[in-house]
Every structure is written in C-alpha cells, then in structure tokens.
>>> print(open('target_16.txt').read())   # compact mmCIF, C-alpha atoms (C1' of nucleotides)
# COMPACT_ATOMS: atom_id res chain seq x y z
CA MET L 1 0.00 0.00 0.00
CA ALA L 2 2.84 2.34 -0.80
CA ARG L 3 5.62 2.95 -3.26
CA PRO L 4 7.46 -0.31 -3.95
CA ARG L 5 11.22 -0.78 -3.70
CA GLU L 6 13.12 -0.25 -6.93
CA PHE L 7 15.91 -2.60 -5.87
CA ASP L 8 16.25 -6.06 -4.42
CA PRO L 9 17.66 -5.81 -0.88
CA ASP L 10 19.21 -9.23 -1.25
CA THR L 11 21.24 -8.42 -4.36
CA ALA L 12 22.09 -5.02 -2.86
CA MET L 13 23.56 -6.87 0.12
CA GLN L 14 25.53 -9.08 -2.23
CA ASP L 15 26.83 -5.98 -4.02
CA ALA L 16 27.79 -4.47 -0.67
CA MET L 17 29.64 -7.65 0.21
CA ASN L 18 31.66 -7.41 -2.97
CA VAL L 19 32.60 -3.80 -2.24
CA PHE L 20 33.70 -4.73 1.28
CA TRP L 21 35.52 -7.75 -0.09
CA ASP L 22 37.38 -5.68 -2.63
CA PHE L 23 38.20 -2.60 -0.57
CA GLY L 24 38.07 -3.82 3.00
CA TYR L 25 35.94 -2.33 5.74
CA GLU L 26 37.79 0.95 6.21
CA ASP L 27 38.35 1.74 2.56
CA ALA L 28 34.79 0.93 1.57
CA SER L 29 33.45 4.47 1.89
CA LEU L 30 29.76 5.13 1.85
CA PRO L 31 29.83 6.72 -1.64
CA ARG L 32 31.68 3.65 -2.91
CA LEU L 33 29.16 1.34 -1.31
CA LEU L 34 26.26 3.35 -2.70
CA SER L 35 27.58 3.29 -6.25
CA GLY L 36 28.41 -0.39 -5.94
CA MET L 37 24.95 -1.14 -4.64
CA GLY L 38 23.31 1.18 -7.15
CA LEU L 39 21.28 3.22 -4.71
CA THR L 40 21.31 6.55 -2.94
CA ARG L 41 21.63 7.47 0.69
CA GLY L 42 17.90 7.64 1.28
CA SER L 43 17.25 4.09 0.18
CA PHE L 44 20.39 2.86 1.84
CA TYR L 45 19.52 4.04 5.33
CA LYS L 46 15.90 3.02 4.87
CA ALA L 47 16.88 -0.54 4.08
CA PHE L 48 19.98 -0.98 6.23
CA GLU L 49 21.01 0.25 9.63
CA GLY L 50 24.35 1.74 8.70
CA LYS L 51 27.81 0.83 7.55
CA LYS L 52 28.94 -1.41 10.37
CA PRO L 53 25.73 -3.43 10.79
CA LEU L 54 25.70 -3.90 7.03
CA PHE L 55 29.27 -5.09 7.17
CA LEU L 56 28.42 -7.67 9.80
CA SER L 57 25.55 -8.83 7.58
CA THR L 58 27.84 -9.13 4.59
CA LEU L 59 30.18 -11.24 6.68
CA ARG L 60 27.24 -13.60 7.17
CA ARG L 61 26.57 -13.47 3.47
CA TYR L 62 30.20 -14.34 2.88
CA GLU L 63 29.69 -17.28 5.18
CA ASP L 64 26.89 -18.47 2.93
CA ILE L 65 28.62 -18.02 -0.37
CA ALA L 66 32.21 -18.91 0.54
CA VAL L 67 32.71 -20.49 3.95
CA GLN L 68 29.83 -22.94 3.83
CA PRO L 69 30.69 -24.18 0.31
CA ALA L 70 34.29 -24.68 1.42
CA ILE L 71 33.13 -26.74 4.37
CA GLU L 72 30.90 -28.80 2.12
CA MET L 73 33.82 -29.37 -0.19
CA LEU L 74 35.84 -30.57 2.78
CA SER L 75 33.03 -32.92 3.78
CA ASP L 76 32.24 -34.17 0.30
CA PRO L 77 32.03 -37.97 0.54
CA ALA L 78 32.43 -38.18 -3.23
CA LEU L 79 36.12 -37.73 -2.54
CA LEU L 80 36.91 -40.67 -0.32
CA ASP L 81 40.35 -39.49 0.69
CA GLY L 82 40.11 -36.39 2.88
CA SER L 83 43.46 -35.15 1.67
CA ASP L 84 42.00 -34.88 -1.81
CA ARG L 85 39.29 -32.65 -0.41
CA ILE L 86 41.88 -30.54 1.33
CA GLU L 87 43.85 -30.22 -1.87
CA ARG L 88 40.77 -29.07 -3.72
CA ALA L 89 40.03 -26.51 -1.02
CA LEU L 90 43.57 -25.12 -1.03
CA ARG L 91 43.98 -25.19 -4.80
CA SER L 92 40.85 -23.12 -5.10
CA VAL L 93 42.94 -20.27 -3.73
CA THR L 94 45.45 -20.33 -6.58
CA GLN L 95 42.65 -21.11 -8.97
CA ALA L 96 41.02 -17.83 -8.01
CA VAL L 97 44.26 -15.94 -8.51
CA ARG L 98 44.78 -17.53 -11.90
CA ALA L 99 41.26 -16.44 -12.82
CA GLY L 100 42.29 -12.87 -12.04
CA ASP L 101 40.75 -12.63 -8.59
CA GLN L 102 43.33 -11.22 -6.20
CA ARG L 103 40.88 -10.08 -3.56
CA GLY L 104 41.76 -12.96 -1.31
CA CYS L 105 39.35 -14.04 1.40
CA MET L 106 37.04 -11.49 2.95
CA LEU L 107 37.20 -13.35 6.25
CA CYS L 108 40.99 -13.40 6.33
CA SER L 109 41.34 -9.74 5.36
CA THR L 110 38.86 -8.85 8.06
CA ALA L 111 40.85 -10.93 10.53
CA ALA L 112 43.95 -8.93 9.65
CA GLY L 113 42.14 -5.61 9.71
CA PRO L 114 39.18 -4.41 11.75
CA ALA L 115 38.95 -7.61 13.82
CA TYR L 116 41.86 -6.27 15.84
CA SER L 117 40.11 -3.15 17.06
CA ASP L 118 36.41 -4.08 16.92
CA PRO L 119 35.15 -6.80 19.27
CA ASP L 120 31.88 -7.33 17.36
CA ILE L 121 33.74 -8.01 14.15
CA GLN L 122 36.32 -10.11 15.97
CA ALA L 123 33.61 -12.35 17.38
CA VAL L 124 32.17 -13.12 13.95
CA VAL L 125 35.62 -13.68 12.48
CA GLN L 126 36.52 -16.12 15.24
CA GLU L 127 33.26 -17.97 14.74
CA LEU L 128 33.78 -18.33 11.01
CA LEU L 129 37.41 -19.32 11.40
CA GLY L 130 36.21 -21.97 13.81
CA LYS L 131 33.85 -23.32 11.18
CA MET L 132 36.67 -23.47 8.66
CA ARG L 133 38.68 -25.38 11.21
CA GLY L 134 35.81 -27.80 11.63
CA GLY L 135 35.75 -28.40 7.90
CA PHE L 136 39.45 -29.18 7.80
CA GLU L 137 39.07 -31.46 10.80
CA THR L 138 36.32 -33.40 9.06
CA ALA L 139 38.48 -33.87 6.02
CA LEU L 140 41.48 -34.87 8.12
CA ALA L 141 39.41 -37.52 9.86
CA ALA L 142 38.71 -38.99 6.43
CA THR L 143 42.33 -39.27 5.31
CA LEU L 144 43.42 -42.79 4.46
CA GLN L 145 46.62 -42.33 6.34
CA THR L 146 44.87 -41.08 9.43
CA PRO L 147 47.02 -38.46 11.15
CA ARG L 148 47.40 -38.73 14.87
CA ALA L 149 47.43 -35.02 15.73
CA LEU L 150 44.04 -34.19 14.32
CA ASN L 151 43.56 -31.00 16.30
CA ALA L 152 47.00 -29.66 15.58
CA GLU L 153 46.71 -30.36 11.87
CA ALA L 154 43.30 -28.75 11.64
CA ASP L 155 44.66 -25.60 13.27
CA MET L 156 47.64 -25.72 10.98
CA LEU L 157 45.47 -25.93 7.89
CA VAL L 158 43.47 -22.89 8.94
CA THR L 159 46.71 -21.03 9.41
CA GLN L 160 47.91 -22.17 6.02
CA TYR L 161 44.66 -21.15 4.39
CA ALA L 162 44.75 -17.70 5.96
CA GLY L 163 48.38 -17.24 4.96
CA LEU L 164 47.66 -18.24 1.38
CA ARG L 165 44.78 -15.82 1.11
CA ILE L 166 46.63 -12.92 2.67
CA LEU L 167 49.70 -13.44 0.54
CA SER L 168 47.67 -13.80 -2.63
CA ARG L 169 46.02 -10.46 -1.88
CA SER L 170 49.42 -8.90 -1.38
CA GLY L 171 50.52 -9.93 -4.83
CA LEU L 172 52.65 -13.00 -4.17
CA SER L 173 53.19 -15.06 -7.30
CA VAL L 174 50.77 -17.87 -7.93
CA ASP L 175 53.72 -20.21 -8.34
CA ALA L 176 54.92 -19.53 -4.82
CA LEU L 177 51.41 -20.12 -3.52
CA ASP L 178 51.18 -23.42 -5.36
CA ARG L 179 54.55 -24.53 -4.06
CA SER L 180 53.32 -23.72 -0.58
CA ILE L 181 50.32 -25.98 -1.12
CA ASP L 182 52.56 -28.71 -2.51
CA ALA L 183 54.60 -28.73 0.68
CA ILE L 184 51.57 -28.90 2.93
CA LEU L 185 49.94 -31.71 1.02
CA LYS L 186 53.12 -33.73 1.12
CA GLN L 187 52.77 -33.82 4.88
CA LEU L 188 49.20 -35.01 4.80
CA ARG L 189 49.62 -38.17 2.75
CA MET E 1 73.19 28.65 13.69
CA ALA E 2 69.48 28.41 14.36
CA ARG E 3 66.92 26.93 16.69
CA PRO E 4 67.75 23.29 17.42
CA ARG E 5 65.32 20.38 17.15
CA GLU E 6 63.55 19.49 20.37
CA PHE E 7 63.13 15.86 19.35
CA ASP E 8 65.21 13.03 17.96
CA PRO E 9 64.01 12.23 14.43
CA ASP E 10 65.17 8.66 14.83
CA THR E 11 63.12 7.91 17.93
CA ALA E 12 60.22 9.83 16.39
CA MET E 13 60.39 7.43 13.44
CA GLN E 14 60.42 4.51 15.82
CA ASP E 15 57.36 5.93 17.57
CA ALA E 16 55.64 6.38 14.22
CA MET E 17 56.42 2.75 13.38
CA ASN E 18 54.74 1.61 16.56
CA VAL E 19 51.62 3.64 15.80
CA PHE E 20 51.45 2.19 12.28
CA TRP E 21 52.12 -1.28 13.70
CA ASP E 22 49.34 -0.95 16.23
CA PHE E 23 46.69 0.76 14.13
CA GLY E 24 47.62 -0.10 10.57
CA TYR E 25 48.21 2.40 7.81
CA GLU E 26 44.63 3.57 7.30
CA ASP E 27 43.67 3.84 10.94
CA ALA E 28 46.85 5.64 11.93
CA SER E 29 45.46 9.15 11.57
CA LEU E 30 47.74 12.13 11.59
CA PRO E 31 46.61 13.30 15.05
CA ARG E 32 47.29 9.79 16.37
CA LEU E 33 50.71 9.76 14.79
CA LEU E 34 51.50 13.20 16.16
CA SER E 35 50.53 12.31 19.71
CA GLY E 36 52.41 9.02 19.42
CA MET E 37 55.49 10.80 18.13
CA GLY E 38 55.14 13.64 20.61
CA LEU E 39 55.27 16.49 18.13
CA THR E 40 53.00 18.93 16.33
CA ARG E 41 52.13 19.33 12.68
CA GLY E 42 54.73 21.96 12.07
CA SER E 43 57.61 19.82 13.21
CA PHE E 44 56.14 16.75 11.57
CA TYR E 45 56.01 18.17 8.07
CA LYS E 46 59.38 19.86 8.50
CA ALA E 47 61.06 16.59 9.39
CA PHE E 48 59.08 14.14 7.24
CA GLU E 49 57.52 14.31 3.83
CA GLY E 50 54.04 13.18 4.77
CA LYS E 51 52.11 10.19 5.92
CA LYS E 52 52.79 7.74 3.14
CA PRO E 53 56.52 8.40 2.74
CA LEU E 54 56.83 8.11 6.50
CA PHE E 55 54.98 4.82 6.39
CA LEU E 56 57.38 3.45 3.78
CA SER E 57 60.27 4.56 5.99
CA THR E 58 58.76 2.84 9.01
CA LEU E 59 58.45 -0.35 6.96
CA ARG E 60 62.21 -0.13 6.48
CA ARG E 61 62.62 0.45 10.17
CA TYR E 62 60.50 -2.61 10.78
CA GLU E 63 62.86 -4.48 8.52
CA ASP E 64 65.73 -3.46 10.77
CA ILE E 65 64.12 -4.25 14.09
CA ALA E 66 62.08 -7.34 13.18
CA VAL E 67 62.77 -8.88 9.79
CA GLN E 68 66.54 -8.77 9.94
CA PRO E 69 66.73 -10.24 13.46
CA ALA E 70 64.39 -13.03 12.37
CA ILE E 71 66.64 -13.81 9.44
CA GLU E 72 69.66 -13.82 11.69
CA MET E 73 67.86 -16.18 14.04
CA LEU E 74 67.18 -18.46 11.09
CA SER E 75 70.83 -18.34 10.08
CA ASP E 76 72.26 -18.70 13.57
CA PRO E 77 74.95 -21.39 13.40
CA ALA E 78 74.78 -21.77 17.17
CA LEU E 79 71.73 -23.91 16.48
CA LEU E 80 73.13 -26.66 14.29
CA ASP E 81 69.79 -28.09 13.29
CA GLY E 82 67.91 -25.66 11.06
CA SER E 83 64.58 -26.98 12.29
CA ASP E 84 65.46 -25.75 15.76
CA ARG E 85 66.00 -22.30 14.32
CA ILE E 86 62.65 -22.48 12.56
CA GLU E 87 60.98 -23.53 15.76
CA ARG E 88 62.50 -20.60 17.58
CA ALA E 89 61.32 -18.22 14.85
CA LEU E 90 57.77 -19.56 14.87
CA ARG E 91 57.49 -19.86 18.64
CA SER E 92 58.44 -16.20 18.90
CA VAL E 93 54.99 -15.51 17.50
CA THR E 94 53.15 -17.21 20.35
CA GLN E 95 55.73 -15.88 22.75
CA ALA E 96 54.76 -12.36 21.75
CA VAL E 97 51.07 -13.12 22.24
CA ARG E 98 51.75 -14.62 25.65
CA ALA E 99 53.63 -11.45 26.56
CA GLY E 100 50.47 -9.50 25.73
CA ASP E 101 51.47 -8.32 22.27
CA GLN E 102 48.62 -9.01 19.89
CA ARG E 103 49.68 -6.55 17.22
CA GLY E 104 50.98 -9.31 15.01
CA CYS E 105 53.50 -8.53 12.30
CA MET E 106 53.51 -5.11 10.70
CA LEU E 107 54.66 -6.63 7.43
CA CYS E 108 51.88 -9.22 7.37
CA SER E 109 49.17 -6.73 8.28
CA THR E 110 50.41 -4.43 5.58
CA ALA E 111 50.34 -7.33 3.13
CA ALA E 112 46.70 -7.93 4.00
CA GLY E 113 45.84 -4.25 3.92
CA PRO E 114 47.23 -1.39 1.84
CA ALA E 115 49.54 -3.63 -0.20
CA TYR E 116 46.50 -4.62 -2.22
CA SER E 117 45.72 -1.14 -3.48
CA ASP E 118 49.07 0.65 -3.34
CA PRO E 119 51.85 -0.55 -5.67
CA ASP E 120 54.61 1.27 -3.77
CA ILE E 121 53.67 -0.44 -0.55
CA GLN E 122 53.17 -3.75 -2.33
CA ALA E 123 56.70 -3.61 -3.73
CA VAL E 124 58.27 -3.18 -0.30
CA VAL E 125 56.08 -5.89 1.20
CA GLN E 126 57.05 -8.33 -1.52
CA GLU E 127 60.71 -7.51 -1.02
CA LEU E 128 60.55 -8.09 2.73
CA LEU E 129 58.51 -11.26 2.37
CA GLY E 130 61.20 -12.45 -0.05
CA LYS E 131 63.83 -11.83 2.60
CA MET E 132 61.84 -13.81 5.14
CA ARG E 133 61.63 -16.61 2.60
CA GLY E 134 65.39 -16.47 2.21
CA GLY E 135 65.81 -16.85 5.95
CA PHE E 136 63.60 -19.90 6.07
CA GLU E 137 65.42 -21.38 3.09
CA THR E 138 68.74 -20.95 4.84
CA ALA E 139 67.44 -22.73 7.90
CA LEU E 140 65.90 -25.50 5.83
CA ALA E 141 69.21 -26.10 4.09
CA ALA E 142 70.69 -26.68 7.55
CA THR E 143 68.19 -29.29 8.68
CA LEU E 144 69.74 -32.64 9.57
CA GLN E 145 67.05 -34.48 7.72
CA THR E 146 67.51 -32.40 4.60
CA PRO E 147 64.16 -31.91 2.90
CA ARG E 148 64.04 -32.44 -0.82
CA ALA E 149 61.59 -29.69 -1.74
CA LEU E 150 63.57 -26.78 -0.36
CA ASN E 151 61.79 -24.12 -2.40
CA ALA E 152 58.33 -25.41 -1.68
CA GLU E 153 58.99 -25.68 2.04
CA ALA E 154 60.46 -22.20 2.22
CA ASP E 155 57.34 -20.79 0.57
CA MET E 156 55.18 -22.85 2.86
CA LEU E 157 56.93 -21.53 5.97
CA VAL E 158 56.41 -17.94 4.87
CA THR E 159 52.75 -18.73 4.36
CA GLN E 160 52.57 -20.34 7.75
CA TYR E 161 54.31 -17.42 9.38
CA ALA E 162 51.95 -14.90 7.79
CA GLY E 163 48.96 -16.99 8.79
CA LEU E 164 50.13 -17.22 12.38
CA ARG E 165 50.66 -13.48 12.62
CA ILE E 166 47.34 -12.58 11.05
CA LEU E 167 45.40 -15.01 13.18
CA SER E 168 47.14 -13.89 16.35
CA ARG E 169 46.14 -10.31 15.55
CA SER E 170 42.56 -11.42 15.04
CA GLY E 171 42.43 -12.89 18.53
CA LEU E 172 42.91 -16.60 17.90
CA SER E 173 43.87 -18.47 21.05
CA VAL E 174 47.55 -18.93 21.71
CA ASP E 175 46.92 -22.64 22.15
CA ALA E 176 45.58 -22.97 18.62
CA LEU E 177 48.59 -21.07 17.34
CA ASP E 178 50.97 -23.34 19.20
CA ARG E 179 49.21 -26.45 17.90
CA SER E 180 49.60 -25.07 14.43
CA ILE E 181 53.32 -24.73 14.97
CA ASP E 182 53.49 -28.23 16.41
CA ALA E 183 52.00 -29.65 13.24
CA ILE E 184 54.38 -27.78 10.98
CA LEU E 185 57.46 -28.75 12.93
CA LYS E 186 56.46 -32.38 12.86
CA GLN E 187 56.75 -32.26 9.11
CA LEU E 188 60.21 -30.75 9.16
CA ARG E 189 61.98 -33.36 11.25
C1' DA Q 1 -9.93 10.12 -8.56
C1' DG Q 2 -8.48 10.99 -3.94
C1' DA Q 3 -6.05 9.64 0.40
C1' DG Q 4 -2.49 7.29 2.66
C1' DT Q 5 2.12 5.35 2.80
C1' DA Q 6 6.64 4.21 1.87
C1' DA Q 7 10.80 4.82 -1.32
C1' DG Q 8 13.97 7.92 -3.75
C1' DG Q 9 16.93 11.80 -4.02
C1' DA Q 10 19.46 15.73 -2.68
C1' DA Q 11 20.82 19.19 0.50
C1' DC Q 12 22.78 19.44 4.71
C1' DC Q 13 25.11 18.07 9.38
C1' DG Q 14 29.25 18.12 12.44
C1' DA Q 15 33.45 15.61 12.61
C1' DT Q 16 37.60 14.36 10.79
C1' DC Q 17 40.91 13.65 7.14
C1' DA Q 18 45.90 14.92 5.23
C1' DG Q 19 48.29 18.85 4.26
C1' DT Q 20 49.66 24.16 4.24
C1' DA Q 21 50.64 28.98 5.75
C1' DC Q 22 52.51 31.84 8.76
C1' DA Q 23 53.69 34.09 12.99
C1' DA Q 24 55.86 33.36 17.54
C1' DA Q 25 59.70 31.25 19.83
C1' DA Q 26 64.48 29.63 20.63
C1' DC Q 27 68.78 29.05 19.53
C1' DA Q 28 73.90 30.32 17.09
C1' DC Q 29 76.74 33.73 15.62
C1' DC Q 30 78.75 38.28 15.61
C1' DG J 1 72.50 42.42 22.87
C1' DG J 2 71.13 42.49 18.35
C1' DT J 3 70.59 39.68 13.79
C1' DG J 4 69.73 35.72 11.10
C1' DT J 5 67.98 31.11 10.77
C1' DT J 6 65.39 27.25 11.84
C1' DT J 7 61.89 24.98 14.71
C1' DT J 8 57.57 25.10 16.78
C1' DG J 9 52.69 25.76 17.45
C1' DT J 10 48.32 27.25 15.76
C1' DA J 11 44.99 28.52 12.60
C1' DC J 12 43.33 27.40 8.38
C1' DT J 13 42.46 24.79 3.78
C1' DG J 14 39.42 21.95 0.87
C1' DA J 15 37.98 17.33 0.74
C1' DT J 16 35.72 13.51 2.59
C1' DC J 17 33.84 10.78 6.30
C1' DG J 18 29.22 8.44 8.10
C1' DG J 19 24.74 9.86 9.04
C1' DT J 20 20.20 12.80 9.10
C1' DT J 21 16.46 15.68 7.35
C1' DC J 22 12.99 16.47 4.49
C1' DC J 23 10.71 17.15 0.29
C1' DT J 24 9.37 14.84 -3.93
C1' DT J 25 7.91 10.78 -6.32
C1' DA J 26 5.46 6.59 -7.10
C1' DC J 27 2.78 3.29 -5.81
C1' DT J 28 -1.70 0.74 -3.32
C1' DC J 29 -6.01 0.87 -1.57
C1' DT J 30 -10.66 2.69 -1.12
>>> encode(input="target_16.txt", output="structure tokens")
Amino acid sequence: MARPREFDPDTAMQDAMNVFWDFGYEDASLPRLLSGMGLTRGSFYKAFEGKKPLFLSTLRRYEDIAVQPAIEMLSDPALLDGSDRIERALRSVTQAVRAGDQRGCMLCSTAAGPAYSDPDIQAVVQELLGKMRGGFETALAATLQTPRALNAEADMLVTQYAGLRILSRSGLSVDALDRSIDAILKQLR
Amino acid sequence: MARPREFDPDTAMQDAMNVFWDFGYEDASLPRLLSGMGLTRGSFYKAFEGKKPLFLSTLRRYEDIAVQPAIEMLSDPALLDGSDRIERALRSVTQAVRAGDQRGCMLCSTAAGPAYSDPDIQAVVQELLGKMRGGFETALAATLQTPRALNAEADMLVTQYAGLRILSRSGLSVDALDRSIDAILKQLR
DNA sequence: AGAGTAAGGAACCGATCAGTACAAAACACC
DNA sequence: GGTGTTTTGTACTGATCGGTTCCTTACTCT
C-alpha cells in the first residue's frame, strides 16, 4: 500500500559484500558502497542500519557463499580421501588468482584488519574461522593415512589457508602459492 | 646557527612505526601519529615528507628491528639443526602473544591491507617477504634431515608465518597457534 | 480520482581527514 | 644584545567521512 522498492535488498547486500571484499571495511566508503549497490543514501539508510551493521551482515553473506561451500567441499564424501578434499580446497585459492581474482578471502582480510580493534567483528571472524577449522578437521578424519594429531593439523590448515589468502592479496606469485600448497599436502599423505 | 630540534628524528620514526604497527596504515590518523610521536604538525612536516613516505620509511625500520633479526635467528649457526632455528622463529609468534602483544607482524598486516591497493607499498612488502623466505630457506638447508623440496617448504613456511601473525592479531587463542606450529614442525623433522 | 504510505533523491550536518601557511619562539653567531 | 635562521605551534584549507532531514515521487487501496 505504498511505493514499492526499486531494488532487491538481497542483491544489494551481495553488491555491498563485494565492495567490502574488494576494498576492505575501512576503505569501503559510503559513496563507494552506494555506487556499488546502485542506490542513494535515502534508500540505503531506509533498508539498512548503517555501515557497520551492514558489514556484519555481509560477513554472514560471505559465510553463505564462501565459507559454507568450502566446508561442504571438505566434507564431500564423493572424494573418499580427505586429503583430496583438502587439496581441492587449497587449490581453489590459486585457482582464483589464476582467474584474475586477487581479492583474497574477505574473512581473512577482516581478521587482519578491523577484527583487531572491533570486538563485534572479531567475534564473527573467530566464529567463522572456527567453522573453517571444523571443515578441515572433518576432512582430516577422512584421510586414508589417518594423522594422529588431528587437532593440531586442523589448526595448521586454517593457518595455512589464511596465509595463502593474505599473501595472494598482497601480490605474491601464484607459483609460490602453489609450491606452498605442494609442501603442505606432502605432509598429509 | 638556528633553533635546534627538540626531538630526535630517529626515535620519532620509531614511535611512528609503533603507531602504524598498532593501528595499521589507514587507521593511523595524523593526530594519532602526532601524539604518538610527541610532536605537532609543524615539526612533523618539516622533518618528514608526509604520511605515506613516512609509512614506507617505518616499513624499512621494521625491517631493521624485526625482519633482519628473524633472518639472523634463522641463520644462527649456534643452532646446528635448522629446524630448531625455525621452531625458535615460529614460537616467537606465540611468545609475543603470551607477553600480551597481539599486534601481530607489521609486514603481514600491511600485506593484508594497503599492499592490495598501493603498488609502492606492495613492492616493499614483496621484497621483505622475499627476505623472510630467504631466511627460512637458509634454515631449511641446515636441517639434519635435509628436505628435498627446499623451495616449496620455504614458501610454505612464509605462508605459515603470515597466517600465524594474522590469526594472532585477530584474537585466535595462543593454544591454537601453538598447535599449528606443532603440526608444521612435525613435518620438518 | 483521492487519500495514505513508503521509497527515492538531494541538501545538509558536524566531525575528521591529510596537508599548508605563517607568525611566535628559541637558539647560534657576531 | 642584536641579527639571522630554523623549529615550533596554531589557525586554516578543501575534501571527505558516516549519518540525518525532508521534500518529492510513485505506488496501493478505497
């Protein structure tokens, strides 16, 4: 019984996520967000609460479109050997770089950035990192050559993943990243 | 034959480095830098060229006070086994956290942050990461159980180091970090 | 068609950003 | 003690930050 929205809040959120992903929280200014989302201030503040709440929402969206799929990949029973799943998960990093995507991982960049000074953001980051860890642990439990130190290796794989993503964003060569993955996988099988 | 400086430019640079280290490049506003360095705008712009040039200088200072010592640690012949040197280098990360320092590594945070959008910064970051890699390679070459894939493992250790530093800054538990190191070291010996 | 309601758009808000201009202050030299 | 030179501190610049106000526009319902 009123004027209808001219945009889809869901795709606008997705657009916002991509701006945050590309520029990071600090550098994603409101004008940049608005142009990326294709709307003006009025609509923006009508539909969303502000920059930071929107950012937290986009972190959740990132969970849906990136973290959850990664976890499913790491749990995929189609690949019997868990180390194959882990390889697929890690190679997807260099695959992205090869495809021209140097943005890295929104979660990892957030961990390195605003998570340090903002407790709300830190809490979400820790939660999502924990889920990634769970995914790696699941895959590790399914390795043929079952490793003894499951916990340690799961933590190590999260660290490796974060390092790969950060370094890819900083412009490290894709060859170096792939060599890094080679070395890790050698340990797992 | 004029009014003398009331501050030591060298210690001011060191102070600036600590502000950048703590807050990151973007969040280190000029007022914050000034209060951290203990001087006013006039003196600041007389002694330094501006924020970004100063930041690049502080990256070099960080090289002196953190990167170079790490490389020396990794080359220290007092520890015959290179894997012991690597352990010392990696444990220094959790040691810092235990001592209450959650700032992580200025180089790694910069890699995750402004290195993505600023080529000048990216160049320095890549150079310093390359030096870290060299340090790890030196240590690897001195392992008793000489690893075959020297290059791959050097790259992997840099990745691991960056991951550890980023995750420590994001508030990951020191136990998880130590487990991560455990897993890596197991591979090396 | 008229009334009611919510979205869109643009002007505006105070705060803060990095950087500059310039006068007051403090020294060295004569 | 005056003169010259450099530092220091402050006031200011224009731009941009995230956020608000409010009027116009476009729709639904009666």
>>> closest_residue(input="target_16.txt", among="E:Tyr116, E:Phe23, E:Phe7, E:Tyr62", to="chain J", atoms="all atoms listed in the file")
E:Phe7
>>> interface_residues(input="target_16.txt", of="chain Q", to="chain E", cutoff="8 Å", atoms="only C-alpha atoms (C1' of nucleotides)", output="PDB file with C-alpha atoms (C1' of nucleotides), in the coordinates of the input")
ATOM      1  C1'  DC Q  17      40.910  13.650   7.140  1.00  0.00           C
ATOM      2  C1'  DA Q  18      45.900  14.920   5.230  1.00  0.00           C
ATOM      3  C1'  DA Q  26      64.480  29.630  20.630  1.00  0.00           C
ATOM      4  C1'  DC Q  27      68.780  29.050  19.530  1.00  0.00           C
ATOM      5  C1'  DA Q  28      73.900  30.320  17.090  1.00  0.00           C
ATOM      6  C1'  DC Q  29      76.740  33.730  15.620  1.00  0.00           C
TER       7       DC Q  29
END
>>> residues_around(input="target_16.txt", residues="L:Ile121", least_positions_apart="5", cutoff="12 Å", atoms="all atoms listed in the file", output="PyMOL selection string")
(chain L and resi 25+52-60+107-116+126-128) or (chain E and resi 170-171)
>>> residues_near_point(input="target_16.txt", point="(57.8, -33.9, 8.7)", cutoff="10 Å", atoms="all atoms listed in the file", output="PyMOL selection string")
(chain L and resi 184+186-188) or (chain E and resi 145+147+183-189)
>>> interface_residues(input="target_16.txt", of="chain J", to="chain E", cutoff="10 Å", atoms="all atoms listed in the file", output="PDB file with C-alpha atoms (C1' of nucleotides), in the frame of the given file")
ATOM      1  C1'  DG J   4      69.730  35.720  11.100  1.00  0.00           C
ATOM      2  C1'  DT J   5      67.980  31.110  10.770  1.00  0.00           C
ATOM      3  C1'  DT J   6      65.390  27.250  11.840  1.00  0.00           C
ATOM      4  C1'  DT J   7      61.890  24.980  14.710  1.00  0.00           C
ATOM      5  C1'  DT J   8      57.570  25.100  16.780  1.00  0.00           C
ATOM      6  C1'  DG J   9      52.690  25.760  17.450  1.00  0.00           C
ATOM      7  C1'  DT J  10      48.320  27.250  15.760  1.00  0.00           C
TER       8       DT J  10
END
>>> atom_distance(input="target_16.txt", atom1="atom CA of L:Leu34", atom2="atom CA of L:Ile65")
21.6 Å
>>> atom_distance(input="target_16.txt", atom1="atom CA of E:Gly135", atom2="atom CA of L:Gly163")
17.5 Å
>>> atom_distance(input="target_16.txt", atom1="atom C1' of J:DC17", atom2="atom C1' of Q:DC12")
14.1 Å
>>> residues_around(input="target_16.txt", residues="E:Asp175", least_positions_apart="3", cutoff="12 Å", atoms="all atoms listed in the file", output="VMD selection string")
(chain L and resid 151 to 152 155 to 156) or (chain E and resid 91 93 to 95 97 to 98 164 167 to 168 171 to 172 178 to 182)
>>> residues_around(input="target_16.txt", residues="E:Pro77", least_positions_apart="4", cutoff="12 Å", atoms="only C-alpha atoms (C1' of nucleotides)", output="list in words")
Ile71, Glu72, Met73, Asp81, Gly82, Ser83, Asp84, Arg85, Thr138, Ala139, Ala141, Ala142 and Thr143 of chain E
>>> closest_residue(input="target_16.txt", among="L:Arg88, L:Arg103, L:Lys131, L:Arg61", to="chain E", atoms="all atoms listed in the file")
L:Arg103
>>> residues_around(input="target_16.txt", residues="J:DT24", least_positions_apart="6", cutoff="12 Å", atoms="all atoms listed in the file", output="list of chain:residue names")
Q:DA7, Q:DG8, Q:DG9, Q:DA10
>>> closest_residue(input="target_16.txt", among="L:Leu33, L:Val124, L:Met13, L:Leu144", to="chain E", atoms="all atoms listed in the file")
L:Val124
>>> closest_residue(input="target_16.txt", among="L:Ala89, L:Leu79, L:Val174, L:Ile166", to="chain E", atoms="all atoms listed in the file")
L:Ile166
>>> axis_aligned_box(input="target_16.txt", around="stretch 1-17 of chain J", padding_each_side="5 Å", output="AutoDock Vina command-line options")
--center_x 53.2 --center_y 26.6 --center_z 11.8 --size_x 48.7 --size_y 41.7 --size_z 32.1
>>> closest_residue(input="target_16.txt", among="E:Ala12, E:Met17, E:Ala28, E:Ala66", to="chain L", atoms="only C-alpha atoms")
E:Ala28
>>> closest_residue(input="target_16.txt", among="E:Gln14, E:Ser173, E:Gln122, E:Gln68", to="chain L", atoms="all atoms listed in the file")
E:Gln122
